[in-house]
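Peer 1: Once you've had a glance at the structure underneath, I'll fire off some questions.
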Amino acid sequence: AQSVTQPDIHITVSEGASLELRCNYSYGATPYLFWYVQSPGQGLQLLLKYFSGDTLVQGIKGFEAEFKRSQSSFNLRKPSVHWSDAAEYFCAVGSSNTGKLIFGQGTTLQVKP
Amino acid sequence: KAGVTQTPRYLIKTRGQQVTLSCSPISGHRSVSWYQQTPGQGLQFLFEYFSETQRNKGNFPGRFSGRQFSNSRSEMNVSTLELGDSALYLCASSLLAGGQETQYFGPGTRLLVL
């Protein structure tokens, strides 16, 4: 069965520090992978996606993610975090034949001044 | 281009009532999916519609239903509301159906069942 695991429920980083949010997936075929961000009381905003090709993908707001098939991971990174990045981050996997996205439980990012 | 819109944004109902939520997709998008978000269960897939047909359904009771109109707008209905139905209901649209399509989410409808 398809699944997504985000091992870190909550992460706190200092403003200006680097960030890495972990995501592991379980899927039999080549997955379609997404990272979304959700601010309080808001919907989900797409940060980036991986379908195929270059395993390092660039997204909005300075985020990037690397697909590692051997580790079944799709970790999200940002070299320097801003206070406005505080939010909840969701990793998701989509199957090839349905529009169903399976989400991880989310990681809440807190940014210290 | 306008994003996905959902109405109403907030709703308070009592147990046993029914509720209808509306979603207007991005112009030109033909697929609409619905998700329920709760603190305990996270984000869970409800159903996916494409060209007025339900393509996929998540593991929810029959009290949850939906439909899609010819203009791609979608509604979901929950009958006989239970306290556990309190959640943020998110609608997402994509150009076509399928997992390779990027889904764009609306702001959600927050439902509180008392």
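Identifiers in the structure tokens: chain A, B, ... in order shown; residue index from 1 per chain; ligand index from 1 in order shown.
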Quick one: residues within 8 Å of Asn59 (chain B), only C-alpha atoms, excluding same-chain residues fewer than 2 positions away - as a PyMOL selection string?
Peer 2: chain B and resi 45-46+57+61
Peer 1: Report as JSON lines: every residue of region 30-98 of chain A with an atom at most 12 Å from region 4-28 of chain B, its closest pair of atoms, and their distance in Å to one decimal, counting only C-alpha atoms, with rows sorted by chain and ascending residue number.
Peer 2:
```
{"residue": "A:Gly41", "atom": "CA", "partner": "B:Arg9", "partner_atom": "CA", "distance": 10.2}
{"residue": "A:Gln42", "atom": "CA", "partner": "B:Arg9", "partner_atom": "CA", "distance": 10.3}
{"residue": "A:Gly43", "atom": "CA", "partner": "B:Val4", "partner_atom": "CA", "distance": 9.9}
{"residue": "A:Leu44", "atom": "CA", "partner": "B:Val4", "partner_atom": "CA", "distance": 11.0}
{"residue": "A:Gln45", "atom": "CA", "partner": "B:Val4", "partner_atom": "CA", "distance": 11.3}
```
Peer 1: What would the file look like if the residues just selected were written as a compact mmCIF listing (two decimals), in the first residue's frame with C-alpha atoms?
Peer 2:
```txt
# COMPACT_ATOMS: atom_id res chain seq x y z
CA GLY A 41 -6.37 28.71 8.50
CA GLN A 42 -5.32 28.44 4.88
CA GLY A 43 -5.39 25.87 2.12
CA LEU A 44 -2.37 24.09 0.71
CA GLN A 45 0.12 25.87 -1.52
```
Peer 1: Based on only C-alpha atoms, which of the residues in chain B come within 9 Å of chain A? I want them as a PDB file with C-alpha atoms, in the first residue's frame.
Peer 2:
```
ATOM      1  CA  SER B  31     -10.858  17.518 -12.400  1.00  0.00           C
ATOM      2  CA  VAL B  32     -11.867  18.218  -8.820  1.00  0.00           C
ATOM      3  CA  SER B  33     -10.827  16.282  -5.745  1.00  0.00           C
ATOM      4  CA  GLN B  41      -6.408  11.801  10.900  1.00  0.00           C
ATOM      5  CA  GLY B  42      -4.578  14.409   8.862  1.00  0.00           C
ATOM      6  CA  LEU B  43      -5.433  14.862   5.198  1.00  0.00           C
ATOM      7  CA  GLN B  44      -7.643  12.146   3.788  1.00  0.00           C
ATOM      8  CA  PHE B  45      -8.926  11.737   0.261  1.00  0.00           C
ATOM      9  CA  LEU B  46     -12.699  11.825  -0.154  1.00  0.00           C
ATOM     10  CA  PHE B  47     -13.367  11.633  -3.893  1.00  0.00           C
ATOM     11  CA  GLU B  48     -12.220  12.688  -7.340  1.00  0.00           C
ATOM     12  CA  TYR B  49     -14.430  13.897 -10.175  1.00  0.00           C
ATOM     13  CA  ARG B  55     -13.421   8.374 -10.739  1.00  0.00           C
ATOM     14  CA  ASN B  56     -12.270   7.478  -7.283  1.00  0.00           C
ATOM     15  CA  LYS B  57     -13.652   7.414  -3.775  1.00  0.00           C
ATOM     16  CA  GLY B  58     -11.869   7.286  -0.465  1.00  0.00           C
ATOM     17  CA  LEU B  88     -11.456  21.499   7.213  1.00  0.00           C
ATOM     18  CA  LEU B  90     -10.353  21.109   1.015  1.00  0.00           C
ATOM     19  CA  CYS B  91     -11.085  21.075  -2.657  1.00  0.00           C
ATOM     20  CA  SER B  94      -6.289  19.922 -11.802  1.00  0.00           C
ATOM     21  CA  ALA B  97      -7.410  13.538 -13.934  1.00  0.00           C
ATOM     22  CA  GLY B  98      -4.682  11.262 -12.664  1.00  0.00           C
ATOM     23  CA  GLY B  99      -1.801  11.233 -10.232  1.00  0.00           C
ATOM     24  CA  GLN B 100       0.573  12.985 -12.604  1.00  0.00           C
ATOM     25  CA  GLU B 101      -1.576  16.077 -12.563  1.00  0.00           C
ATOM     26  CA  THR B 102      -0.725  18.857 -10.169  1.00  0.00           C
ATOM     27  CA  GLN B 103      -3.547  19.639  -7.794  1.00  0.00           C
ATOM     28  CA  TYR B 104      -4.170  23.220  -6.728  1.00  0.00           C
ATOM     29  CA  PHE B 105      -6.017  23.669  -3.483  1.00  0.00           C
ATOM     30  CA  GLY B 106      -8.640  26.113  -2.371  1.00  0.00           C
ATOM     31  CA  PRO B 107      -8.716  27.796   1.048  1.00  0.00           C
ATOM     32  CA  GLY B 108     -11.088  25.205   2.456  1.00  0.00           C
ATOM     33  CA  ARG B 110     -14.173  24.832   7.994  1.00  0.00           C
TER      34      ARG B 110
END
```
Peer 1: Could you please write out, as an MDAnalysis selection string, every residue of region 52-109 of chain A that DSSP assigns to strand (DSSP E)?
Peer 2: chainID A and resid 56:58 64:68 73:78 87:94 101:103 107:109
